[in-house]
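Content type mmCIF, C-alpha atoms, from the file final.cif:
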data_target
#
loop_
_atom_site.group_PDB
_atom_site.id
_atom_site.type_symbol
_atom_site.label_atom_id
_atom_site.label_comp_id
_atom_site.auth_asym_id
_atom_site.auth_seq_id
_atom_site.Cartn_x
_atom_site.Cartn_y
_atom_site.Cartn_z
ATOM 1 C CA MET A 261 -26.584 21.334 78.161
ATOM 2 C CA PHE A 262 -23.612 19.636 79.792
ATOM 3 C CA ALA A 263 -20.204 18.663 78.438
ATOM 4 C CA ILE A 264 -17.159 17.048 80.022
ATOM 5 C CA GLU A 265 -13.855 16.468 78.265
ATOM 6 C CA SER A 266 -10.131 16.118 78.815
ATOM 7 C CA GLY A 267 -8.127 19.349 78.891
ATOM 8 C CA PRO A 268 -4.387 19.862 79.320
ATOM 9 C CA ALA A 269 -2.504 17.148 81.237
ATOM 10 C CA GLY A 270 -4.276 16.320 84.500
ATOM 11 C CA VAL A 271 -7.200 18.606 83.769
ATOM 12 C CA VAL A 272 -10.816 17.723 83.035
ATOM 13 C CA VAL A 273 -13.106 20.491 81.798
ATOM 14 C CA ALA A 274 -16.811 20.522 82.705
ATOM 15 C CA ARG A 275 -19.265 22.974 81.183
ATOM 16 C CA GLY A 276 -22.970 23.702 81.502
ATOM 17 C CA ARG A 277 -25.441 22.159 83.932
ATOM 18 C CA LEU A 278 -24.587 18.971 85.809
ATOM 19 C CA ASP A 279 -28.067 17.860 86.836
ATOM 20 C CA ALA A 280 -29.688 14.500 87.555
ATOM 21 C CA ALA A 281 -30.157 13.792 83.865
ATOM 22 C CA GLN A 282 -26.422 14.279 83.167
ATOM 23 C CA ALA A 283 -24.939 12.627 86.259
ATOM 24 C CA ALA A 284 -24.513 9.181 84.671
ATOM 25 C CA ALA A 285 -22.524 10.611 81.749
ATOM 26 C CA ALA A 286 -20.303 12.609 84.107
ATOM 27 C CA GLN A 287 -19.730 9.566 86.308
ATOM 28 C CA ALA A 288 -18.817 7.396 83.327
ATOM 29 C CA PHE A 289 -16.211 9.940 82.233
ATOM 30 C CA LEU A 290 -14.711 10.470 85.699
ATOM 31 C CA ASP A 291 -14.578 6.728 86.384
ATOM 32 C CA ALA A 292 -11.769 6.611 83.825
ATOM 33 C CA VAL A 293 -9.493 9.289 85.363
ATOM 34 C CA GLU A 294 -6.566 8.456 87.655
ATOM 35 C CA GLY A 295 -4.037 10.232 89.871
ATOM 36 C CA VAL A 296 -4.267 13.915 90.744
ATOM 37 C CA VAL A 297 -6.946 15.503 88.587
ATOM 38 C CA THR A 298 -8.114 19.120 88.401
ATOM 39 C CA LEU A 299 -11.723 19.593 87.394
ATOM 40 C CA ASP A 300 -11.972 22.962 85.652
ATOM 41 C CA CYS A 301 -15.361 24.266 86.787
ATOM 42 C CA SER A 302 -15.046 27.732 85.238
ATOM 43 C CA GLY A 303 -17.727 26.843 82.703
ATOM 44 C CA LEU A 304 -19.852 24.813 85.106
ATOM 45 C CA GLU A 305 -22.961 26.890 85.740
ATOM 46 C CA TYR A 306 -24.899 24.561 87.982
ATOM 47 C CA ILE A 307 -24.623 21.348 89.961
ATOM 48 C CA SER A 308 -27.375 19.321 91.648
ATOM 49 C CA SER A 309 -27.075 16.790 94.469
ATOM 50 C CA ALA A 310 -26.754 14.088 91.805
ATOM 51 C CA GLY A 311 -23.678 15.917 90.515
ATOM 52 C CA LEU A 312 -22.312 16.215 94.047
ATOM 53 C CA GLY A 313 -22.651 12.456 94.346
ATOM 54 C CA VAL A 314 -20.526 12.048 91.210
ATOM 55 C CA LEU A 315 -17.773 14.254 92.654
ATOM 56 C CA LEU A 316 -17.862 12.478 96.024
ATOM 57 C CA LYS A 317 -17.678 8.997 94.504
ATOM 58 C CA THR A 318 -14.763 10.089 92.298
ATOM 59 C CA GLN A 319 -12.893 11.685 95.202
ATOM 60 C CA LYS A 320 -13.275 8.596 97.370
ATOM 61 C CA ARG A 321 -11.903 6.377 94.602
ATOM 62 C CA LEU A 322 -8.982 8.655 93.736
ATOM 63 C CA VAL A 323 -7.934 9.325 97.340
ATOM 64 C CA ALA A 324 -8.054 5.604 98.137
ATOM 65 C CA ALA A 325 -5.561 5.113 95.297
ATOM 66 C CA GLY A 326 -3.272 7.958 96.396
ATOM 67 C CA GLY A 327 -4.622 10.647 94.072
ATOM 68 C CA LYS A 328 -7.237 13.364 94.464
ATOM 69 C CA LEU A 329 -9.749 15.512 92.618
ATOM 70 C CA ARG A 330 -9.209 19.284 92.799
ATOM 71 C CA LEU A 331 -11.966 21.744 91.886
ATOM 72 C CA ALA A 332 -10.858 24.941 90.122
ATOM 73 C CA GLY A 333 -12.661 28.029 88.788
ATOM 74 C CA VAL A 334 -15.608 27.530 91.129
ATOM 75 C CA ASN A 335 -18.285 30.232 90.913
ATOM 76 C CA ARG A 336 -20.021 31.801 93.922
ATOM 77 C CA HIS A 337 -23.178 29.684 93.703
ATOM 78 C CA LEU A 338 -21.163 26.463 93.550
ATOM 79 C CA GLN A 339 -18.944 27.671 96.410
ATOM 80 C CA ASP A 340 -22.061 28.039 98.574
ATOM 81 C CA ILE A 341 -23.254 24.538 97.677
ATOM 82 C CA PHE A 342 -19.836 23.037 98.389
ATOM 83 C CA ALA A 343 -19.702 24.847 101.752
ATOM 84 C CA TYR A 344 -23.226 23.830 102.822
ATOM 85 C CA SER A 345 -22.506 20.208 101.897
ATOM 86 C CA GLY A 346 -19.125 20.097 103.678
ATOM 87 C CA PHE A 347 -17.307 19.511 100.389
ATOM 88 C CA ASP A 348 -14.991 22.420 101.197
ATOM 89 C CA GLN A 349 -13.470 20.058 103.796
ATOM 90 C CA LEU A 350 -13.177 17.143 101.362
ATOM 91 C CA PHE A 351 -11.833 18.874 98.246
ATOM 92 C CA GLU A 352 -9.154 21.421 97.468
ATOM 93 C CA ILE A 353 -11.220 24.238 95.956
ATOM 94 C CA GLU A 354 -9.916 27.157 93.940
ATOM 95 C CA PRO A 355 -12.563 29.897 93.501
ATOM 96 C CA ALA A 356 -13.136 31.629 90.184
ATOM 97 C CA PRO A 357 -11.232 34.941 89.955
ATOM 98 C CA MET B 218 -49.736 36.983 89.148
ATOM 99 C CA THR B 219 -49.008 33.264 89.068
ATOM 100 C CA THR B 220 -47.628 31.240 86.201
ATOM 101 C CA GLU B 221 -48.153 27.493 86.184
ATOM 102 C CA ARG B 222 -47.414 24.469 84.059
ATOM 103 C CA ALA B 223 -47.510 20.687 84.359
ATOM 104 C CA PHE B 224 -44.460 18.511 83.647
ATOM 105 C CA LYS B 225 -44.202 14.819 82.812
ATOM 106 C CA ARG B 226 -42.693 12.617 85.518
ATOM 107 C CA SER B 227 -39.260 12.192 83.969
ATOM 108 C CA PHE B 228 -35.723 13.500 84.389
ATOM 109 C CA ASP B 229 -36.077 14.530 80.753
ATOM 110 C CA ALA B 230 -38.408 17.296 81.933
ATOM 111 C CA LEU B 231 -35.591 19.123 83.762
ATOM 112 C CA PRO B 232 -34.560 21.416 80.858
ATOM 113 C CA ALA B 233 -38.198 22.435 80.352
ATOM 114 C CA ILE B 234 -38.502 23.210 84.080
ATOM 115 C CA VAL B 235 -35.394 25.408 83.952
ATOM 116 C CA ALA B 236 -36.798 27.234 80.917
ATOM 117 C CA PHE B 237 -40.176 27.662 82.635
ATOM 118 C CA THR B 238 -38.436 29.122 85.696
ATOM 119 C CA ALA B 239 -36.430 31.606 83.628
ATOM 120 C CA ASP B 240 -39.585 32.656 81.777
ATOM 121 C CA SER B 241 -41.562 32.994 85.009
ATOM 122 C CA PHE B 242 -38.799 35.077 86.611
ATOM 123 C CA ALA B 243 -38.890 37.446 83.634
ATOM 124 C CA ARG B 244 -42.698 37.700 83.686
ATOM 125 C CA GLU B 245 -42.856 38.227 87.448
ATOM 126 C CA GLY B 246 -39.855 40.579 87.582
ATOM 127 C CA VAL B 247 -37.963 38.323 90.007
ATOM 128 C CA ASP B 248 -34.232 38.967 90.579
ATOM 129 C CA PRO B 249 -32.362 36.531 88.254
ATOM 130 C CA ALA B 250 -29.698 36.114 90.971
ATOM 131 C CA LEU B 251 -32.226 33.964 92.841
ATOM 132 C CA GLN B 252 -32.643 31.502 89.990
ATOM 133 C CA PRO B 253 -29.743 29.106 90.781
ATOM 134 C CA ALA B 254 -31.160 28.400 94.241
ATOM 135 C CA VAL B 255 -34.698 28.021 92.860
ATOM 136 C CA ASP B 256 -33.441 25.736 90.067
ATOM 137 C CA PHE B 257 -31.633 23.620 92.659
ATOM 138 C CA ALA B 258 -34.659 23.316 94.946
ATOM 139 C CA LEU B 259 -37.027 22.568 92.052
ATOM 140 C CA GLU B 260 -34.745 19.862 90.651
ATOM 141 C CA GLU B 261 -34.279 18.167 94.012
ATOM 142 C CA LEU B 262 -37.990 18.189 94.856
ATOM 143 C CA PHE B 263 -39.112 17.215 91.341
ATOM 144 C CA THR B 264 -36.615 14.354 90.988
ATOM 145 C CA ASN B 265 -37.642 13.078 94.434
ATOM 146 C CA MET B 266 -41.217 12.933 93.179
ATOM 147 C CA VAL B 267 -40.115 11.063 90.057
ATOM 148 C CA LYS B 268 -37.878 8.598 91.933
ATOM 149 C CA TYR B 269 -39.920 7.768 94.996
ATOM 150 C CA SER B 270 -43.555 7.839 93.949
ATOM 151 C CA ARG B 271 -44.541 4.343 92.902
ATOM 152 C CA THR B 272 -48.149 5.126 92.230
ATOM 153 C CA GLY B 273 -48.341 8.609 90.737
ATOM 154 C CA LYS B 274 -48.602 8.758 86.974
ATOM 155 C CA ALA B 275 -50.093 12.225 86.586
ATOM 156 C CA GLU B 276 -47.901 15.155 85.637
ATOM 157 C CA VAL B 277 -46.417 17.319 88.393
ATOM 158 C CA ARG B 278 -47.819 20.863 88.490
ATOM 159 C CA ILE B 279 -45.456 23.753 89.244
ATOM 160 C CA GLU B 280 -46.709 27.234 90.116
ATOM 161 C CA MET B 281 -44.553 30.338 90.461
ATOM 162 C CA THR B 282 -45.647 33.638 92.006
ATOM 163 C CA GLY B 283 -43.646 36.827 92.408
ATOM 164 C CA ILE B 284 -43.598 38.119 96.008
ATOM 165 C CA ALA B 285 -41.802 41.028 97.662
ATOM 166 C CA ASP B 286 -38.065 40.639 96.948
ATOM 167 C CA GLY B 287 -38.464 37.121 95.650
ATOM 168 C CA VAL B 288 -40.616 34.243 94.538
ATOM 169 C CA GLU B 289 -42.946 31.584 95.937
ATOM 170 C CA VAL B 290 -42.964 28.203 94.213
ATOM 171 C CA SER B 291 -45.353 25.273 94.657
ATOM 172 C CA LEU B 292 -45.115 21.702 93.359
ATOM 173 C CA THR B 293 -48.226 19.559 93.439
ATOM 174 C CA ASP B 294 -48.045 15.782 93.019
ATOM 175 C CA PHE B 295 -51.160 13.677 92.488
ATOM 176 C CA ASP B 296 -52.161 10.133 93.531
ATOM 177 C CA VAL B 297 -49.158 9.646 95.811
ATOM 178 C CA ASP B 298 -48.348 8.480 99.329
ATOM 179 C CA PRO B 299 -47.303 11.136 101.858
ATOM 180 C CA PHE B 300 -43.632 12.034 102.225
ATOM 181 C CA ASP B 301 -42.901 15.103 104.320
ATOM 182 C CA VAL B 302 -39.734 16.576 102.872
ATOM 183 C CA THR B 303 -39.453 18.985 105.799
ATOM 184 C CA ARG B 304 -38.793 16.052 108.150
ATOM 185 C CA ALA B 305 -36.024 14.367 106.186
ATOM 186 C CA PRO B 306 -32.890 14.057 108.351
ATOM 187 C CA ASP B 307 -29.895 16.314 107.824
ATOM 188 C CA VAL B 308 -26.621 14.891 106.546
ATOM 189 C CA ASP B 309 -23.621 14.971 108.874
ATOM 190 C CA THR B 310 -21.398 17.151 106.703
ATOM 191 C CA SER B 311 -18.542 17.032 109.218
ATOM 192 C CA LEU B 312 -17.733 13.380 108.531
ATOM 193 C CA PRO B 313 -14.363 12.575 106.944
ATOM 194 C CA LEU B 314 -14.219 11.488 103.318
ATOM 195 C CA GLU B 315 -14.076 7.772 104.059
ATOM 196 C CA ALA B 316 -17.297 7.979 106.091
ATOM 197 C CA ARG B 317 -19.284 10.112 103.628
ATOM 198 C CA ARG B 318 -21.800 8.370 101.381
ATOM 199 C CA PRO B 319 -23.385 9.804 98.223
ATOM 200 C CA GLY B 320 -27.050 10.688 98.603
ATOM 201 C CA GLY B 321 -29.310 12.600 100.951
ATOM 202 C CA LEU B 322 -27.741 15.974 100.281
ATOM 203 C CA GLY B 323 -30.561 17.425 98.198
ATOM 204 C CA LEU B 324 -33.082 18.096 100.965
ATOM 205 C CA HIS B 325 -30.273 19.010 103.377
ATOM 206 C CA LEU B 326 -29.076 21.687 100.973
ATOM 207 C CA ILE B 327 -32.390 23.216 99.992
ATOM 208 C CA ARG B 328 -33.188 23.837 103.666
ATOM 209 C CA ARG B 329 -30.036 25.970 103.722
ATOM 210 C CA MET B 330 -30.705 27.810 100.481
ATOM 211 C CA LEU B 331 -34.382 28.729 100.899
ATOM 212 C CA ASP B 332 -36.240 31.101 103.220
ATOM 213 C CA SER B 333 -39.028 28.632 104.011
ATOM 214 C CA ILE B 334 -40.443 25.291 102.893
ATOM 215 C CA ASP B 335 -43.856 23.827 103.762
ATOM 216 C CA TYR B 336 -45.429 20.457 103.114
ATOM 217 C CA GLU B 337 -49.145 19.721 102.824
ATOM 218 C CA TYR B 338 -50.873 16.375 102.168
ATOM 219 C CA GLU B 339 -54.550 15.917 101.352
ATOM 220 C CA LYS B 340 -55.321 12.342 102.330
ATOM 221 C CA ASP B 341 -58.679 12.118 100.578
ATOM 222 C CA ARG B 342 -57.229 13.291 97.267
ATOM 223 C CA ARG B 343 -53.806 11.620 97.830
ATOM 224 C CA GLN B 344 -52.225 14.908 96.854
ATOM 225 C CA SER B 345 -48.886 16.298 98.043
ATOM 226 C CA ARG B 346 -48.068 19.978 97.816
ATOM 227 C CA ILE B 347 -44.698 21.534 98.634
ATOM 228 C CA THR B 348 -44.402 25.322 98.792
ATOM 229 C CA PHE B 349 -41.140 27.191 99.186
ATOM 230 C CA ARG B 350 -40.027 30.811 99.224
ATOM 231 C CA LYS B 351 -36.760 32.373 98.168
ATOM 232 C CA THR B 352 -36.026 36.080 98.580
ATOM 233 C CA SER B 353 -32.955 38.234 98.213
ATOM 234 C CA GLY B 354 -32.421 38.248 101.993
ATOM 235 C CA GLU B 355 -29.700 36.172 103.623
ATOM 236 C CA SER B 356 -30.199 32.411 103.322
ATOM 237 C CA PRO B 357 -29.838 30.249 106.462
ATOM 238 C CA GLY B 358 -26.465 29.019 105.189
ATOM 239 C CA ARG B 359 -24.113 26.343 106.435
ATOM 240 C CA HIS B 360 -25.265 26.281 110.052
ATOM 241 C CA GLY B 361 -28.945 27.149 109.658
ATOM 242 C CA ALA B 362 -32.110 25.821 108.112
ATOM 243 C CA ALA B 363 -35.164 27.305 106.407
ATOM 244 C CA GLU B 364 -38.400 27.681 108.314
ATOM 245 C CA THR B 365 -40.380 24.497 107.829
ATOM 246 C CA GLY B 366 -43.954 23.560 108.424
ATOM 247 C CA ARG B 367 -46.704 21.056 107.813
ATOM 248 C CA LYS B 368 -50.224 22.205 107.027
#

How would this structure read if it were set down as structure tokens?
Amino acid sequence: MFAIESGPAGVVVARGRLDAAQAAAAQAFLDAVEGVVTLDCSGLEYISSAGLGVLLKTQKRLVAAGGKLRLAGVNRHLQDIFAYSGFDQLFEIEPAP
Amino acid sequence: MTTERAFKRSFDALPAIVAFTADSFAREGVDPALQPAVDFALEELFTNMVKYSRTGKAEVRIEMTGIADGVEVSLTDFDVDPFDVTRAPDVDTSLPLEARRPGGLGLHLIRRMLDSIDYEYEKDRRQSRITFRKTSGESPGRHGAAETGRK
């Protein structure tokens, strides 16, 4: 189960499991965002390398246009994945409390 | 005890694989805290089999066995060419954003999340078998890699 939707201004909320089967839907949604965007990951339980590819492609596009994608509410498992993949150097990451 | 099941070669099988893993963990008494890493490794290895095997049509068999402080998992793929996942190159994760390209992270990451990963290919039967272990000990992490081997 995966869901992605607009939250308050500048916030996108992702929930569930962003796996290979859901990556295309996530990419289609994020292709439409602009500027500085915070992805609320507090309900995101899991991300695969396909999901990482979605985040990387989005970050490259936004940064090239003067914006960026921030990752907020990131759980411990996702923090490990972001660290091992070097994404902690490419994204501003706010851990879950 | 070992639990096993075969899955159709499709991304649509991923939810069933996750459910099978959760059920196997419960049956084998494996620490549920290990499941995210096992889910990640299984998805990466399974989707590689789906994407890159041009000849295999048979279902992929997954076996799960409880071991001391963890779990051993095997994936067997039939009627396929060899592809040793333990020899896939690492990604340079120090590159700046403009030089990074999507892709290739899956195998890079599982080598950092697992204790060990082995690859075995039976030429006569055209059968690939990948076996990995995950325990509650420290994973290799950002600067390390799991023990790898080829049988």

Inset, instruction - Hey, list the chain A side of the contact with chain B: 6 Å cut-off, all atoms listed in the file, answer as a PyMOL selection string. - result: chain A and resi 281+309+313+344-346

Inset, instruction - Report the distance between atom CA of A:Leu329 and atom CA of A:Val296 in Å, rounded to one decimal place. - result: 6.0 Å

Inset, instruction - Have a look at A:Gly327, A:Pro268, A:Gly295, A:Gly303 and name the one nearest to A:Ala356; count only C-alpha atoms. - result: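 Using only C-alpha atoms, the shortest distance to A:Ala356 belongs to A:Gly303.
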
Inset, instruction - Just say which residues the PyMOL selection byres ((chain A and resi 332) around 6) picks in this file, as an MDAnalysis selection string. - result: chainID A and resid 300:301 331 333:334 353:354

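Picked by the PyMOL selection byres ((chain B and resi 352) around 8) from the coordinates shown: Leu251, Ala285, Asp286, Gly287, Val288, Leu331, Asp332, Arg350, Lys351, Ser353 and Gly354 of chain B.
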
Go ahead and dump the residues you just picked, C-alpha atoms, as a PDB file, keeping the file's coordinate frame.
ATOM      1  CA  LEU B 251     -32.226  33.964  92.841  1.00  0.00           C
ATOM      2  CA  ALA B 285     -41.802  41.028  97.662  1.00  0.00           C
ATOM      3  CA  ASP B 286     -38.065  40.639  96.948  1.00  0.00           C
ATOM      4  CA  GLY B 287     -38.464  37.121  95.650  1.00  0.00           C
ATOM      5  CA  VAL B 288     -40.616  34.243  94.538  1.00  0.00           C
ATOM      6  CA  LEU B 331     -34.382  28.729 100.899  1.00  0.00           C
ATOM      7  CA  ASP B 332     -36.240  31.101 103.220  1.00  0.00           C
ATOM      8  CA  ARG B 350     -40.027  30.811  99.224  1.00  0.00           C
ATOM      9  CA  LYS B 351     -36.760  32.373  98.168  1.00  0.00           C
ATOM     10  CA  SER B 353     -32.955  38.234  98.213  1.00  0.00           C
ATOM     11  CA  GLY B 354     -32.421  38.248 101.993  1.00  0.00           C
TER      12      GLY B 354
END

Inset, instruction - Could you give me, as JSON, numbers by chain, the residues that have an atom at most 12 Å away from the point (-51.7, 19.1, 97.9) in the coordinates of the file, using all atoms listed in the file? - result: {"B": [277, 278, 279, 291, 292, 293, 294, 295, 296, 297, 298, 299, 300, 301, 335, 336, 337, 338, 339, 340, 341, 342, 343, 344, 345, 346, 347, 348, 367, 368]}

Legend entry - Selection: 7 Å around A:Val271, all atoms listed in the file, excl. self and same-chain fewer than 6 positions, as a VMD selection string: chain A and resid 297 to 300

Enclose all atoms of stretch 330-339 of chain A listed in the file in an axis-aligned box, grow every side by 3 Å, and hand back centre and edge lengths in Å to one decimal, as JSON.
{"center_x": -16.2, "center_y": 25.5, "center_z": 92.6, "size_x": 20.0, "size_y": 18.5, "size_z": 13.6}

Inset, instruction - Between B:Leu259, B:Glu364, B:Asn265, B:Glu289, single out the one closest to B:Glu245, counting all atoms listed in the file. - result: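 Closest to B:Glu245, using all atoms listed in the file: B:Glu289.
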
Inset, instruction - Translate the PyMOL selection byres ((chain A and resi 291) around 12), as applied to the file shown, into an explicit residue set as a ChimeraX atom specification. - result: /A:283-290,292-295,297,314-322,329

Legend entry - Proximity to A:Leu338 - best of A:Ile264, A:Ala324, A:Leu278, A:Ala269, all atoms listed in the file: A:Leu278

Inset, instruction - For A:Leu304, please output as a list in words all residues within 6 Å (counting only C-alpha atoms; exclusion window: fewer than 4 positions along the same chain). - result: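 These residues fall inside the cut-off: Ala274, Arg275 and Gly276 of chain A.
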
Legend entry - Top pick for closest residue to A:Ser308, considering A:Met261, A:Asn335, A:Phe347, A:Ile341 and counting all atoms listed in the file: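 So, comparing all the options, the nearest one is A:Ile341.
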
Inset, instruction - One decimal, Å: what's the distance from atom CA of A:Glu265 over to atom CA of A:Val323, could you say? - result: 21.2 Å

Inset, instruction - Please indicate the distance in Å from atom CA of A:Gln282 to atom CA of B:Asp240, rounded to one decimal place. - result: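 That distance, rounded to one decimal, is 22.6 Å.
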
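The residue set within 8 Å of B:Met266, counting only C-alpha atoms and dropping same-chain residues fewer than 3 places from it, reads Arg226, Leu262, Phe263, Tyr269, Ser270 and Asp294 of chain B.
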
Spatial sel., origin (-53.4, 33.3, 89.6), limit 12 Å, all atoms listed in the file, listed as an mmCIF file with C-alpha atoms, keeping the file's coordinate frame:
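What landed in part_24.cif:
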data_model
loop_
_atom_site.group_PDB
_atom_site.id
_atom_site.type_symbol
_atom_site.label_atom_id
_atom_site.label_comp_id
_atom_site.auth_asym_id
_atom_site.auth_seq_id
_atom_site.Cartn_x
_atom_site.Cartn_y
_atom_site.Cartn_z
ATOM 1 C CA MET B 218 -49.736 36.983 89.148
ATOM 2 C CA THR B 219 -49.008 33.264 89.068
ATOM 3 C CA THR B 220 -47.628 31.240 86.201
ATOM 4 C CA GLU B 221 -48.153 27.493 86.184
ATOM 5 C CA GLU B 245 -42.856 38.227 87.448
ATOM 6 C CA GLU B 280 -46.709 27.234 90.116
ATOM 7 C CA MET B 281 -44.553 30.338 90.461
ATOM 8 C CA THR B 282 -45.647 33.638 92.006
ATOM 9 C CA GLY B 283 -43.646 36.827 92.408
#

Will you model N, CA and C atoms for stretch 271-284 of chain A and pass it back as a CSV table (one decimal), in the frame of the given file?
chain,number,residue,atom,x,y,z
A,271,VAL,N,-6.0,17.7,83.6
A,271,VAL,CA,-7.2,18.6,83.8
A,271,VAL,C,-8.4,18.0,83.0
A,272,VAL,N,-9.6,18.1,83.7
A,272,VAL,CA,-10.8,17.7,83.0
A,272,VAL,C,-11.7,19.0,83.0
A,273,VAL,N,-12.3,19.3,81.9
A,273,VAL,CA,-13.1,20.5,81.8
A,273,VAL,C,-14.6,20.1,81.8
A,274,ALA,N,-15.4,20.7,82.7
A,274,ALA,CA,-16.8,20.5,82.7
A,274,ALA,C,-17.5,21.8,82.4
A,275,ARG,N,-18.5,21.8,81.6
A,275,ARG,CA,-19.3,23.0,81.2
A,275,ARG,C,-20.8,22.7,81.3
A,276,GLY,N,-21.5,23.8,81.6
A,276,GLY,CA,-23.0,23.7,81.5
A,276,GLY,C,-23.6,23.3,82.8
A,277,ARG,N,-24.6,22.5,82.8
A,277,ARG,CA,-25.4,22.2,83.9
A,277,ARG,C,-25.3,20.7,84.2
A,278,LEU,N,-24.7,20.4,85.4
A,278,LEU,CA,-24.6,19.0,85.8
A,278,LEU,C,-25.8,18.6,86.7
A,279,ASP,N,-26.8,18.2,86.1
A,279,ASP,CA,-28.1,17.9,86.8
A,279,ASP,C,-28.3,16.3,86.9
A,280,ALA,N,-29.4,15.9,87.4
A,280,ALA,CA,-29.7,14.5,87.6
A,280,ALA,C,-29.7,13.8,86.2
A,281,ALA,N,-30.1,14.4,85.2
A,281,ALA,CA,-30.2,13.8,83.9
A,281,ALA,C,-28.8,13.6,83.3
A,282,GLN,N,-27.8,14.3,83.7
A,282,GLN,CA,-26.4,14.3,83.2
A,282,GLN,C,-25.4,13.5,84.1
A,283,ALA,N,-25.9,13.2,85.3
A,283,ALA,CA,-24.9,12.6,86.3
A,283,ALA,C,-24.3,11.3,85.8
A,284,ALA,N,-25.1,10.5,85.1
A,284,ALA,CA,-24.5,9.2,84.7
A,284,ALA,C,-23.4,9.4,83.7
